[in-house]
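Have a look at entry-v2.txt; it's compact mmCIF, C-alpha atoms and all ligand atoms:
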```txt
# COMPACT_ATOMS: atom_id res chain seq x y z
CA MET B 1 -15.21 -14.64 -7.41
CA ILE B 2 -12.46 -17.19 -7.97
CA LYS B 3 -13.72 -20.75 -8.47
CA ARG B 4 -11.47 -23.74 -7.84
CA HIS B 5 -11.76 -26.86 -9.99
CA THR B 6 -9.63 -30.00 -9.79
CA ASN B 7 -7.00 -28.85 -12.29
CA ALA B 8 -7.82 -25.20 -12.86
CA LEU B 9 -9.06 -21.93 -11.44
CA THR B 10 -11.55 -19.64 -13.09
CA TYR B 11 -12.17 -15.95 -12.53
CA LYS B 12 -14.82 -14.36 -14.77
CA ASP B 13 -13.77 -15.57 -18.25
CA ILE B 14 -10.14 -16.30 -17.24
CA GLU B 15 -9.01 -19.89 -16.75
CA ALA B 16 -5.60 -20.58 -15.19
CA ASN B 17 -3.64 -23.32 -13.46
CA GLN B 18 -2.54 -21.06 -10.63
CA ILE B 19 -3.11 -17.57 -9.22
CA ILE B 20 -0.36 -15.57 -7.52
CA PHE B 21 -1.60 -12.70 -5.37
CA CYS B 22 0.67 -9.61 -5.60
CA GLU B 23 -1.75 -7.13 -4.11
CA GLY B 24 0.34 -5.18 -1.59
CA CYS B 25 -1.57 -3.97 1.46
CA ASN B 26 -4.86 -5.12 -0.02
CA VAL B 27 -3.83 -8.56 1.27
CA THR B 28 -5.85 -7.77 4.39
CA ASN B 29 -8.94 -8.60 2.29
CA ASN B 30 -7.51 -11.90 1.08
CA PRO B 31 -8.89 -14.88 3.02
CA TRP B 32 -5.97 -17.09 1.94
CA PHE B 33 -3.20 -14.92 3.31
CA ASN B 34 -4.59 -12.29 5.69
CA HIS B 35 -3.66 -14.49 8.66
CA LEU B 36 0.08 -13.90 8.08
CA PRO B 37 1.73 -11.50 10.57
CA TRP B 38 1.35 -8.31 8.56
CA ALA B 39 2.84 -5.13 10.05
CA PHE B 40 2.50 -2.33 7.53
CA THR B 41 4.58 0.85 7.76
CA LYS B 42 3.60 4.28 6.58
CA GLY B 43 5.79 6.35 4.28
CA GLU B 44 5.39 9.91 3.08
CA MET B 45 6.98 11.85 0.23
CA ILE B 46 6.90 15.43 -0.98
CA LYS B 47 7.28 16.72 -4.51
CA ILE B 48 9.38 19.85 -4.79
CA GLU B 49 10.23 22.30 -7.50
CA ASN B 50 13.71 23.84 -7.71
CA GLU B 51 15.53 25.31 -10.69
CA HIS B 52 18.71 23.27 -10.08
CA ILE B 53 17.09 19.82 -10.09
CA GLU B 54 18.46 17.83 -13.01
CA ALA B 55 16.15 15.33 -14.69
CA ASN B 56 18.73 12.51 -14.72
CA LYS B 57 20.35 12.94 -11.29
CA LEU B 58 18.95 10.57 -8.69
CA ILE B 59 20.24 10.80 -5.12
CA TYR B 60 19.79 7.70 -2.93
CA GLY B 61 20.92 7.68 0.69
CA ASP B 62 19.17 8.18 4.02
CA ARG B 63 16.68 10.16 1.95
CA PHE B 64 16.14 9.95 -1.76
CA LEU B 65 15.68 12.61 -4.41
CA LEU B 66 13.94 11.20 -7.44
CA PRO B 67 13.67 13.65 -10.36
CA VAL B 68 10.35 13.30 -12.14
CA ASP B 69 10.51 16.18 -14.52
CA LYS B 70 12.72 19.11 -15.35
CA HIS B 71 13.15 20.99 -12.04
CA LYS B 72 10.80 18.70 -10.10
CA ALA B 73 11.58 15.76 -7.80
CA TRP B 74 10.13 13.52 -5.13
CA ILE B 75 11.90 13.61 -1.76
CA GLY B 76 11.32 10.64 0.53
CA ALA B 77 10.59 8.96 2.59
CA THR B 78 9.44 8.97 6.19
CA TYR B 79 8.79 5.85 8.24
CA SER B 80 6.05 5.33 10.81
CA ILE B 81 4.69 2.25 12.55
CA THR B 82 2.15 4.14 14.68
CA ASP B 83 0.13 6.22 12.23
CA LEU B 84 -1.18 3.68 9.71
CA THR B 85 -3.41 5.99 7.72
CA SER B 86 -2.69 7.00 4.14
CA THR B 87 -3.07 10.68 4.94
CA PRO B 88 -0.14 13.10 4.52
CA THR B 89 0.87 14.88 7.74
CA ALA B 90 2.35 18.30 8.49
CA GLU B 91 5.13 16.66 10.58
CA ALA B 92 6.35 14.49 7.71
CA LYS B 93 6.17 17.42 5.29
CA SER B 94 8.34 19.47 7.60
CA GLU B 95 10.80 16.55 8.14
CA LEU B 96 11.15 16.07 4.39
CA GLU B 97 11.51 19.79 3.71
CA GLN B 98 14.41 19.80 6.20
CA ALA B 99 15.96 16.88 4.30
CA ALA B 100 15.41 18.66 0.98
CA ILE B 101 17.52 21.58 2.18
CA GLY B 102 20.52 19.24 2.18
CA LEU B 103 19.66 17.67 -1.18
CA VAL B 104 19.07 20.67 -3.45
CA ASN B 105 20.75 23.99 -4.04
CA GLY B 106 18.75 27.10 -3.24
CA PRO B 107 15.09 27.65 -2.41
CA PHE B 108 12.35 25.20 -3.42
CA ASN B 109 8.57 24.97 -3.33
CA THR B 110 6.67 21.96 -2.09
CA ILE B 111 4.01 21.28 -4.71
CA GLU B 112 2.58 17.92 -3.60
CA THR B 113 2.53 15.57 -0.59
CA ARG B 114 1.72 11.86 -0.63
CA ALA B 115 1.42 9.07 1.89
CA ALA B 116 1.11 5.30 1.47
CA LEU B 117 1.51 2.08 3.41
CA ARG B 118 4.37 -0.29 2.69
CA PRO B 119 3.32 -3.95 2.64
CA SER B 120 5.54 -5.45 5.36
CA LEU B 121 5.49 -8.46 7.65
CA ARG B 122 6.50 -8.44 11.29
CA ASP B 123 9.91 -9.99 10.52
CA ARG B 124 10.42 -7.41 7.71
CA HIS B 125 11.07 -10.03 5.03
CA PRO B 126 9.00 -10.64 1.88
CA VAL B 127 6.74 -13.65 1.57
CA LEU B 128 6.88 -15.95 -1.45
CA GLY B 129 5.22 -19.28 -1.99
CA PHE B 130 1.96 -21.19 -2.06
CA SER B 131 -0.85 -21.73 0.39
CA ASP B 132 -0.29 -24.78 2.59
CA GLN B 133 -3.74 -25.94 1.42
CA THR B 134 -3.19 -25.84 -2.33
CA MET B 135 -0.46 -25.24 -4.89
CA GLN B 136 -3.07 -23.46 -7.00
CA ILE B 137 -2.90 -20.32 -4.84
CA GLY B 138 0.32 -18.39 -4.26
CA ILE B 139 1.57 -15.12 -2.87
CA PHE B 140 4.31 -12.62 -3.72
CA ASN B 141 4.15 -9.81 -1.20
CA GLY B 142 5.70 -8.23 1.88
CA LEU B 143 8.36 -6.35 -0.09
CA GLY B 144 8.32 -3.63 2.54
CA SER B 145 10.60 -0.60 2.46
CA LYS B 146 13.02 -1.99 -0.16
CA GLY B 147 10.56 -3.49 -2.60
CA VAL B 148 11.67 -1.51 -5.63
CA LEU B 149 15.28 -2.54 -5.01
CA THR B 150 14.74 -6.22 -4.17
CA GLY B 151 11.58 -6.88 -6.22
CA PRO B 152 13.31 -8.06 -9.42
CA PHE B 153 15.49 -10.62 -7.61
CA ARG B 154 12.57 -11.91 -5.53
CA ALA B 155 10.40 -12.08 -8.65
CA SER B 156 13.00 -14.33 -10.29
CA GLU B 157 12.88 -16.61 -7.22
CA MET B 158 9.08 -16.71 -7.50
CA ALA B 159 9.26 -17.49 -11.23
CA ASN B 160 11.63 -20.40 -10.50
CA LEU B 161 9.25 -21.71 -7.87
CA ILE B 162 6.28 -21.54 -10.24
CA GLU B 163 8.17 -23.31 -13.03
CA ASN B 164 9.92 -25.88 -10.86
CA HIS B 165 8.43 -26.48 -7.45
CA LEU B 166 11.68 -28.05 -6.26
CA VAL B 167 13.58 -24.75 -6.56
CA GLN B 168 12.54 -23.09 -3.31
CA PRO B 169 13.05 -19.38 -2.52
CA GLU B 170 15.50 -18.50 0.22
CA LYS B 171 14.26 -19.70 3.64
CA MET B 172 14.11 -16.11 4.97
CA VAL B 173 11.40 -15.17 2.43
CA ASN B 174 9.71 -18.55 2.05
CA ILE B 175 6.09 -18.76 3.21
CA SER B 176 7.01 -22.07 4.85
CA ARG B 177 8.57 -20.06 7.72
CA PHE B 178 5.01 -19.37 8.90
CA ASN B 179 3.86 -23.01 8.80
CA LYS B 180 2.95 -24.44 12.18
CA LYS B 181 5.87 -26.56 13.43
C1 LIG E 1 6.63 6.43 0.63
C2 LIG E 1 7.31 5.16 0.16
C3 LIG E 1 8.64 5.20 -0.21
C4 LIG E 1 9.28 4.05 -0.65
N1 LIG E 1 10.59 4.14 -1.03
C5 LIG E 1 11.22 3.04 -1.48
C6 LIG E 1 12.59 3.12 -1.89
O1 LIG E 1 13.21 4.18 -1.87
N2 LIG E 1 13.20 1.98 -2.33
C7 LIG E 1 12.54 0.79 -2.39
O2 LIG E 1 13.15 -0.20 -2.81
N3 LIG E 1 11.24 0.68 -2.00
C8 LIG E 1 10.57 1.78 -1.54
N4 LIG E 1 9.28 1.69 -1.13
C9 LIG E 1 8.63 0.37 -1.04
C10 LIG E 1 8.02 -0.09 -2.36
O3 LIG E 1 7.25 0.94 -2.91
C11 LIG E 1 7.16 -1.33 -2.06
O4 LIG E 1 7.93 -2.33 -1.45
C12 LIG E 1 6.61 -1.90 -3.37
O5 LIG E 1 5.81 -0.95 -4.01
C13 LIG E 1 5.80 -3.15 -3.11
O6 LIG E 1 5.43 -3.64 -4.36
P1 LIG E 1 4.18 -4.59 -4.54
O7 LIG E 1 4.01 -4.75 -6.02
O8 LIG E 1 4.33 -5.83 -3.70
O9 LIG E 1 2.94 -3.80 -3.90
P2 LIG E 1 2.28 -2.45 -4.42
O10 LIG E 1 3.29 -1.54 -5.01
O11 LIG E 1 1.42 -1.98 -3.31
O12 LIG E 1 1.37 -2.95 -5.63
C14 LIG E 1 0.21 -3.73 -5.42
C15 LIG E 1 -0.69 -3.47 -6.61
O13 LIG E 1 -1.78 -4.39 -6.56
C16 LIG E 1 -2.95 -3.68 -6.91
N5 LIG E 1 -4.09 -4.42 -6.35
C17 LIG E 1 -4.37 -4.65 -5.04
N6 LIG E 1 -5.50 -5.39 -4.93
C18 LIG E 1 -5.92 -5.65 -6.20
C19 LIG E 1 -7.02 -6.37 -6.75
N7 LIG E 1 -7.91 -6.99 -5.98
N8 LIG E 1 -7.15 -6.42 -8.09
C20 LIG E 1 -6.25 -5.81 -8.89
N9 LIG E 1 -5.17 -5.11 -8.44
C21 LIG E 1 -5.03 -5.03 -7.11
C22 LIG E 1 -2.76 -2.30 -6.29
O14 LIG E 1 -3.60 -1.36 -6.90
C23 LIG E 1 -1.29 -2.06 -6.59
O15 LIG E 1 -1.11 -1.48 -7.85
C24 LIG E 1 8.58 2.82 -0.69
C25 LIG E 1 7.24 2.77 -0.32
C26 LIG E 1 6.60 3.93 0.12
C27 LIG E 1 5.13 3.87 0.52
```
Write out the structure in this file as structure tokens.
Amino acid sequence: MIKRHTNALTYKDIEANQIIFCEGCNVTNNPWFNHLPWAFTKGEMIKIENEHIEANKLIYGDRFLLPVDKHKAWIGATYSITDLTSTPTAEAKSELEQAAIGLVNGPFNTIETRAALRPSLRDRHPVLGFSDQTMQIGIFNGLGSKGVLTGPFRASEMANLIENHLVQPEKMVNISRFNKK
């Protein structure tokens, strides 16, 4: 359990000035930030095997092909706002196998399926900043469907905020957008 002191926080044997929660969808268990308007989306991927897949050739468009090994790649991803389980479905597998036909040459085998939730907010923008109750407790989350792409830039905004509280992140991603007017 995290304990708050006047100028520090402690967790087990760790003492820190601040804590920044970057916990993805696990935010629903976080009493400081679970009140934000979270609206997760489900995504599924399949891993395929095909003799023409090249280890260093990534394809990124409507669908992506991400080589993970010689002759193996992830194909993704689907998008659902209704089914919010983390269970792979036959429908998504079939949708992605159709997409794979256009991404690889020749026949392929599907060797794995995976599903996960993307941590998104209702307005589909990330959330960066500190609790309105204390500057000791911050959040970096809500990266949604483009988190890999935008994460580094948003992380630099968060680092600036931590180091210099006057340098605020862009309004669109700032937690202040959820403060009561
Ligand atoms: C199927 C799918 C396809 C995607 N495709 C793309 C894409 O093509 N391009 C793109 O840019 N983005 C894509 N994304 C989105 C991207 O993966 C997410 O935006 C990104 O992973 C969010 O990063 P994050 O670090 O905020 O959260 P996460 O990646 O969820 O990481 C949170 C981490 O915190 C850990 N954690 C949680 N609670 C605790 C705790 N109490 N203690 C310790 N650790 C904890 C978790 O184990 C996890 O490792 C995709 C997502 C999915 C599901």
Once you count only C-alpha atoms, what closest atom pair and distance in Å to one decimal does each residue of range 30-56 of chain B within 12 Å of range 145-157 of chain B have, with rows by chain and rising residue number, as CSV?
```
residue,atom,partner,partner_atom,distance
B:Ala39,CA,B:Ser145,CA,11.8
B:Phe40,CA,B:Ser145,CA,9.7
B:Thr41,CA,B:Ser145,CA,8.2
B:Lys42,CA,B:Ser145,CA,9.5
B:Gly43,CA,B:Ser145,CA,8.6
B:Glu44,CA,B:Ser145,CA,11.7
```
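For the pair atom N3 of ligand LIG 1 (chain E) and CA of Leu143 in chain B, the interatomic distance is 7.8 Å.
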* Structure fact -> From atom C27 of ligand LIG 1 (chain E) to CA of Leu96 in chain B the spacing works out at 14.1 Å
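Between ligand LIG 1 (chain E) and the candidates B:Phe33, B:Phe21, B:Phe178, B:Trp38, the tightest atom-to-atom separation, counting all atoms listed in the file, involves B:Phe21.
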* Test item: residues lying within 10 Å of ligand LIG 1 (chain E) with all atoms listed in the file, as a ChimeraX atom specification -> /B:21-30,40-46,60-66,74-79,86,114-120,126-127,139-151
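Proximity ranking of B:Ala55, B:Val68, B:Ile48, B:Met135 relative to Leu103 in chain B places B:Ile48 first, based on all atoms listed in the file.
Remark: for Glu51 in chain B, the closest of the candidate residues B:Glu91, B:Glu97, B:Asp69, B:Glu112 is B:Asp69 (distances computed over all atoms listed in the file).
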